[in-house]
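Beneath this line is the structure, given in structure tokens, with notes to follow.
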Amino acid sequence: MPILERSLSDRITTLVKFLNPRSILKYIVYERAKPLFDSAQRKLERKLDLFNVRRTIRHVSGPKRIKYRRDDIVVVCFVRDGSRYIDAFIHHYFSMGVKHIVLLDNGSVDDTVSRAQKYSNVTVLASPVLIAKKQYREVYLKQYLANRFCKNRWCLCVDIDELFDYPFSNIISLKQFIQYLNTYSYTAVVTQMLDMFSHLPVNALTDRFSPDAYAFYDVSNIVKEDYFNSRFGDDSERKNTQSNSRIKFYTHGIRHSIFGTVNYLTKHQLFLVKGVRISHPHWIINARCADISAVLFHYKFVGNFLETADKYIRENYSVPAEYLAIVSECAKKPDLSLKLDTSKKLKSVNDLIDNGFLVVSDQYLKWVRTIQPVPATATENNFTLIPSKNV
């Protein structure tokens with residue numbers, strides 16, 4: 001009985017303490033309100049950080065304003081030490097018919113900026129603040145570039161090692177491709193990233209880059225999931241409209257086959273800057289996705305890519321695990337080759353339709369059949385070099 005009495009007494013004491021106004025206030029402030037305060041503080045700190053990052057952006061060269069039509073495309077790109085890619089990147093997009101390129105240099109120590117300045121319709125901006133270390137910076141600044149240079153127009157937001165292409169680009173021009181998207185009121189295109197690599201072992205690669213030297217790909221280990229599976233924890237997939245259920249979300253690929261890493265390969269890099277908003281480096285929301293998919297040829301494994309991997313590890317890059325796996329595997333196998341028995345040499349972007357990597361609809365096929373082939377060749381009307389004396 002005494003034990004029960006003490007137990008009852010303890011309960012009464014606890015209840016009295018809990019009902020004490022000071023205890024109630026403490027509970028509300030520390031247990032309930034503190035997470036809200038912490039969240040508000042993080043948001044404020046992030047906004048202040050983004051404000052400071054935005055203030056660091058300065059104009060280096062090229063036009064500050066761009067005039068273009070509804071069926072023109074502007075490319076925006078973050079770049080850091082992209083010297084080996086820059087000329088091939090610019091030639092690819094201007095040869096395709098892109099109107100203008102905007103590069104935001106993020107602290108390059110090579111000649112990336114001076115190379116880009118040679119082109120009259122390339123705008124170069126610069127910021128010394130490392131963008132890739134914090135994902136929200138990348139999302140915010142991509143949206144900033146899109147709003148500043150592509151408002152109410154189509155924007156192609158790519159990395160310096162990514163070359164965009166679309167089904168039947170050998171038949172219809174980029175303008176005609178955009179006209180198709182506009183005709184059917186699409187506001188985005190799902191772009192699938194495809195790693196390209198050389199037939200040579202990694203220790204035999206040279207630092208000079210040409211897409212022709214990295215012509216192999218492998219789709220044997222592509223994992224295809226439903227587009228609407230939640231991956232980012234915010235149901236952002238549900239905020240888009242899918243026009244073709246055959247378009248899936250891709251993961252794995254050759255990087256998983258060789259290094260064991262799991263990579264998201266599906267992106268949304270071509271979109272109309274009108275109501276659409278970037279929510280993740282790979283994702284946008286409020287988009288009506290087209291009934292076809294396009295490709296981003298990804299040239300990550302070029303030259304001495306191990307130096308880049310080491311640099312990202314030292315800088316605590318946002319995805320260090322992938323680079324640790326790359327460095328570890330290459331250390332164990334210095335003559336490692338990414339070319340497997342299942343790898344194929346790319347002949348045309350249309351090969352990727354035949355093997356199921358890219359998806360096209362009957363509607364798109366009918367559209368293509370009505371178009372007369374238009375050769376997309378690089379001419380002086382596509383891009384011009386600034387005389388060296390002006391650089």
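Labels for the structure tokens follow display order: chains A, B, ..., residues from 1 in each chain, ligands from 1.
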
What lies within 6 Å of segment 154-159 of chain A using only C-alpha atoms, ignoring chain neighbours under 6 positions off, as a ChimeraX atom specification?
-> /A:73-77,269-272

Rows by chain and residue number, segment 44-151 of chain A within 12 Å of segment 167-190 of chain A, shortest pair, only C-alpha atoms, as CSV:
residue,atom,partner,partner_atom,distance
A:Tyr68,CA,A:Lys175,CA,11.9
A:Arg69,CA,A:Lys175,CA,10.0
A:Arg70,CA,A:Ile178,CA,8.6
A:Asp71,CA,A:Lys175,CA,5.5
A:Asp72,CA,A:Lys175,CA,6.4
A:Ile73,CA,A:Lys175,CA,8.2
A:Val74,CA,A:Leu174,CA,11.6
A:Tyr93,CA,A:Leu174,CA,10.1
A:Phe94,CA,A:Leu174,CA,10.5
A:Ser95,CA,A:Leu174,CA,10.0
A:Met96,CA,A:Leu174,CA,6.5
A:Gly97,CA,A:Leu174,CA,6.1
A:Val98,CA,A:Leu174,CA,7.7
A:Lys99,CA,A:Lys175,CA,10.0

What does the file look like for those residues with N, CA and C atoms, as an mmCIF file, in the first residue's frame?
data_model
loop_
_atom_site.group_PDB
_atom_site.id
_atom_site.type_symbol
_atom_site.label_atom_id
_atom_site.label_comp_id
_atom_site.auth_asym_id
_atom_site.auth_seq_id
_atom_site.Cartn_x
_atom_site.Cartn_y
_atom_site.Cartn_z
ATOM 1 N N TYR A 68 15.147 37.866 -78.836
ATOM 2 C CA TYR A 68 14.921 36.647 -79.592
ATOM 3 C C TYR A 68 13.435 36.330 -79.656
ATOM 4 N N ARG A 69 13.097 35.434 -80.578
ATOM 5 C CA ARG A 69 11.699 35.133 -80.863
ATOM 6 C C ARG A 69 11.210 33.937 -80.039
ATOM 7 N N ARG A 70 9.937 33.658 -80.192
ATOM 8 C CA ARG A 70 9.287 32.617 -79.380
ATOM 9 C C ARG A 70 9.849 31.226 -79.657
ATOM 10 N N ASP A 71 10.370 31.020 -80.855
ATOM 11 C CA ASP A 71 10.902 29.697 -81.188
ATOM 12 C C ASP A 71 12.425 29.650 -81.126
ATOM 13 N N ASP A 72 13.042 30.672 -80.516
ATOM 14 C CA ASP A 72 14.485 30.656 -80.274
ATOM 15 C C ASP A 72 14.785 30.039 -78.905
ATOM 16 N N ILE A 73 16.006 29.547 -78.764
ATOM 17 C CA ILE A 73 16.445 28.955 -77.500
ATOM 18 C C ILE A 73 17.709 29.657 -77.032
ATOM 19 N N VAL A 74 17.766 29.911 -75.745
ATOM 20 C CA VAL A 74 18.987 30.405 -75.115
ATOM 21 C C VAL A 74 19.505 29.310 -74.180
ATOM 22 N N TYR A 93 26.206 23.821 -79.834
ATOM 23 C CA TYR A 93 24.919 24.492 -79.661
ATOM 24 C C TYR A 93 24.639 25.530 -80.743
ATOM 25 N N PHE A 94 25.655 26.234 -81.184
ATOM 26 C CA PHE A 94 25.413 27.182 -82.270
ATOM 27 C C PHE A 94 25.174 26.451 -83.590
ATOM 28 N N SER A 95 25.841 25.333 -83.803
ATOM 29 C CA SER A 95 25.593 24.541 -85.005
ATOM 30 C C SER A 95 24.180 23.990 -85.010
ATOM 31 N N MET A 96 23.652 23.701 -83.840
ATOM 32 C CA MET A 96 22.290 23.189 -83.713
ATOM 33 C C MET A 96 21.253 24.268 -83.982
ATOM 34 N N GLY A 97 21.623 25.537 -83.766
ATOM 35 C CA GLY A 97 20.682 26.626 -84.013
ATOM 36 C C GLY A 97 20.290 27.406 -82.783
ATOM 37 N N VAL A 98 21.031 27.245 -81.680
ATOM 38 C CA VAL A 98 20.771 28.004 -80.459
ATOM 39 C C VAL A 98 21.021 29.484 -80.720
ATOM 40 N N LYS A 99 20.176 30.348 -80.149
ATOM 41 C CA LYS A 99 20.265 31.784 -80.371
ATOM 42 C C LYS A 99 21.442 32.410 -79.629
#

Å distance separating atom CA of Thr261 of chain A from atom CA of Gly303 of chain A, one decimal place =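 Taking atom CA of Thr261 of chain A as the start and atom CA of Gly303 of chain A as the end point, the length is 20.7 Å.
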
Shortest interatomic distance to Ile285 of chain A - which of A:Glu237, A:Asp212, A:Asp310, A:Glu315, counting only C-alpha atoms =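 With only C-alpha atoms as the atom set, the closest residue is A:Glu237.
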
Find the residue from A:Lys151, A:Arg208, A:Arg288, A:Lys142 that sits nearest to Val273 of chain A; use only C-alpha atoms when measuring.
->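 Looking at the shortest contact to Val273 of chain A, the residue is A:Lys151.
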
Using only C-alpha atoms, which residues sit within 12 Å of segment 295-297 of chain A once same-chain residues fewer than 6 positions away are excluded, as an NGL selection string?
-> :A and (89 or 92 or 156-169 or 189-197 or 211-212 or 214-218 or 250 or 265-270 or 282 or 346 or 348-353 or 357-359)

Please write the residues from the selection above to a file, keeping C-alpha atoms, as an mmCIF file, in the first residue's frame.
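Printed below is result15.cif as written:
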data_model
loop_
_atom_site.group_PDB
_atom_site.id
_atom_site.type_symbol
_atom_site.label_atom_id
_atom_site.label_comp_id
_atom_site.auth_asym_id
_atom_site.auth_seq_id
_atom_site.Cartn_x
_atom_site.Cartn_y
_atom_site.Cartn_z
ATOM 1 C CA PHE A 89 30.255 23.013 -76.309
ATOM 2 C CA HIS A 92 27.652 22.141 -80.812
ATOM 3 C CA LEU A 156 18.111 25.012 -72.150
ATOM 4 C CA CYS A 157 19.913 24.747 -68.817
ATOM 5 C CA VAL A 158 22.864 22.371 -69.169
ATOM 6 C CA ASP A 159 26.256 21.610 -67.682
ATOM 7 C CA ILE A 160 29.441 22.252 -69.632
ATOM 8 C CA ASP A 161 29.955 18.497 -70.179
ATOM 9 C CA GLU A 162 26.419 17.948 -71.557
ATOM 10 C CA LEU A 163 25.448 18.131 -75.240
ATOM 11 C CA PHE A 164 21.702 18.150 -75.904
ATOM 12 C CA ASP A 165 20.044 16.391 -78.830
ATOM 13 C CA TYR A 166 16.511 15.340 -79.758
ATOM 14 C CA PRO A 167 14.827 12.649 -81.892
ATOM 15 C CA PHE A 168 15.153 13.138 -85.664
ATOM 16 C CA SER A 169 17.365 16.195 -85.329
ATOM 17 C CA VAL A 189 10.935 18.139 -72.245
ATOM 18 C CA VAL A 190 12.230 15.224 -70.170
ATOM 19 C CA THR A 191 15.936 14.915 -70.957
ATOM 20 C CA GLN A 192 17.662 11.611 -70.251
ATOM 21 C CA MET A 193 21.365 11.771 -69.426
ATOM 22 C CA LEU A 194 23.542 9.248 -71.271
ATOM 23 C CA ASP A 195 27.176 8.768 -70.240
ATOM 24 C CA MET A 196 29.544 8.708 -73.212
ATOM 25 C CA PHE A 197 33.027 7.221 -73.017
ATOM 26 C CA PRO A 211 32.804 14.167 -78.940
ATOM 27 C CA ASP A 212 33.952 11.842 -81.727
ATOM 28 C CA TYR A 214 33.998 9.450 -76.853
ATOM 29 C CA ALA A 215 31.464 7.722 -79.057
ATOM 30 C CA PHE A 216 30.517 4.713 -76.929
ATOM 31 C CA TYR A 217 27.542 4.287 -74.619
ATOM 32 C CA ASP A 218 25.818 1.501 -72.696
ATOM 33 C CA TYR A 250 16.036 6.470 -65.275
ATOM 34 C CA LEU A 265 19.760 10.153 -65.045
ATOM 35 C CA THR A 266 16.442 11.879 -65.701
ATOM 36 C CA LYS A 267 16.493 15.664 -65.924
ATOM 37 C CA HIS A 268 14.268 18.463 -67.213
ATOM 38 C CA GLN A 269 16.779 20.825 -68.784
ATOM 39 C CA LEU A 270 14.657 22.199 -71.628
ATOM 40 C CA HIS A 282 17.385 17.637 -62.091
ATOM 41 C CA LEU A 346 26.727 5.829 -81.338
ATOM 42 C CA SER A 348 22.914 8.673 -84.686
ATOM 43 C CA VAL A 349 20.661 10.043 -81.959
ATOM 44 C CA ASN A 350 17.922 7.979 -83.591
ATOM 45 C CA ASP A 351 19.728 4.814 -82.457
ATOM 46 C CA LEU A 352 18.451 5.681 -78.989
ATOM 47 C CA ILE A 353 14.868 5.418 -80.206
ATOM 48 C CA PHE A 357 16.332 4.843 -74.420
ATOM 49 C CA LEU A 358 14.393 7.695 -76.018
ATOM 50 C CA VAL A 359 10.627 7.789 -76.444
#

Out of segment 246-317 of chain A, which residues get alpha helix (DSSP H) from DSSP, as a ChimeraX atom specification?
-> /A:254-259,305-314
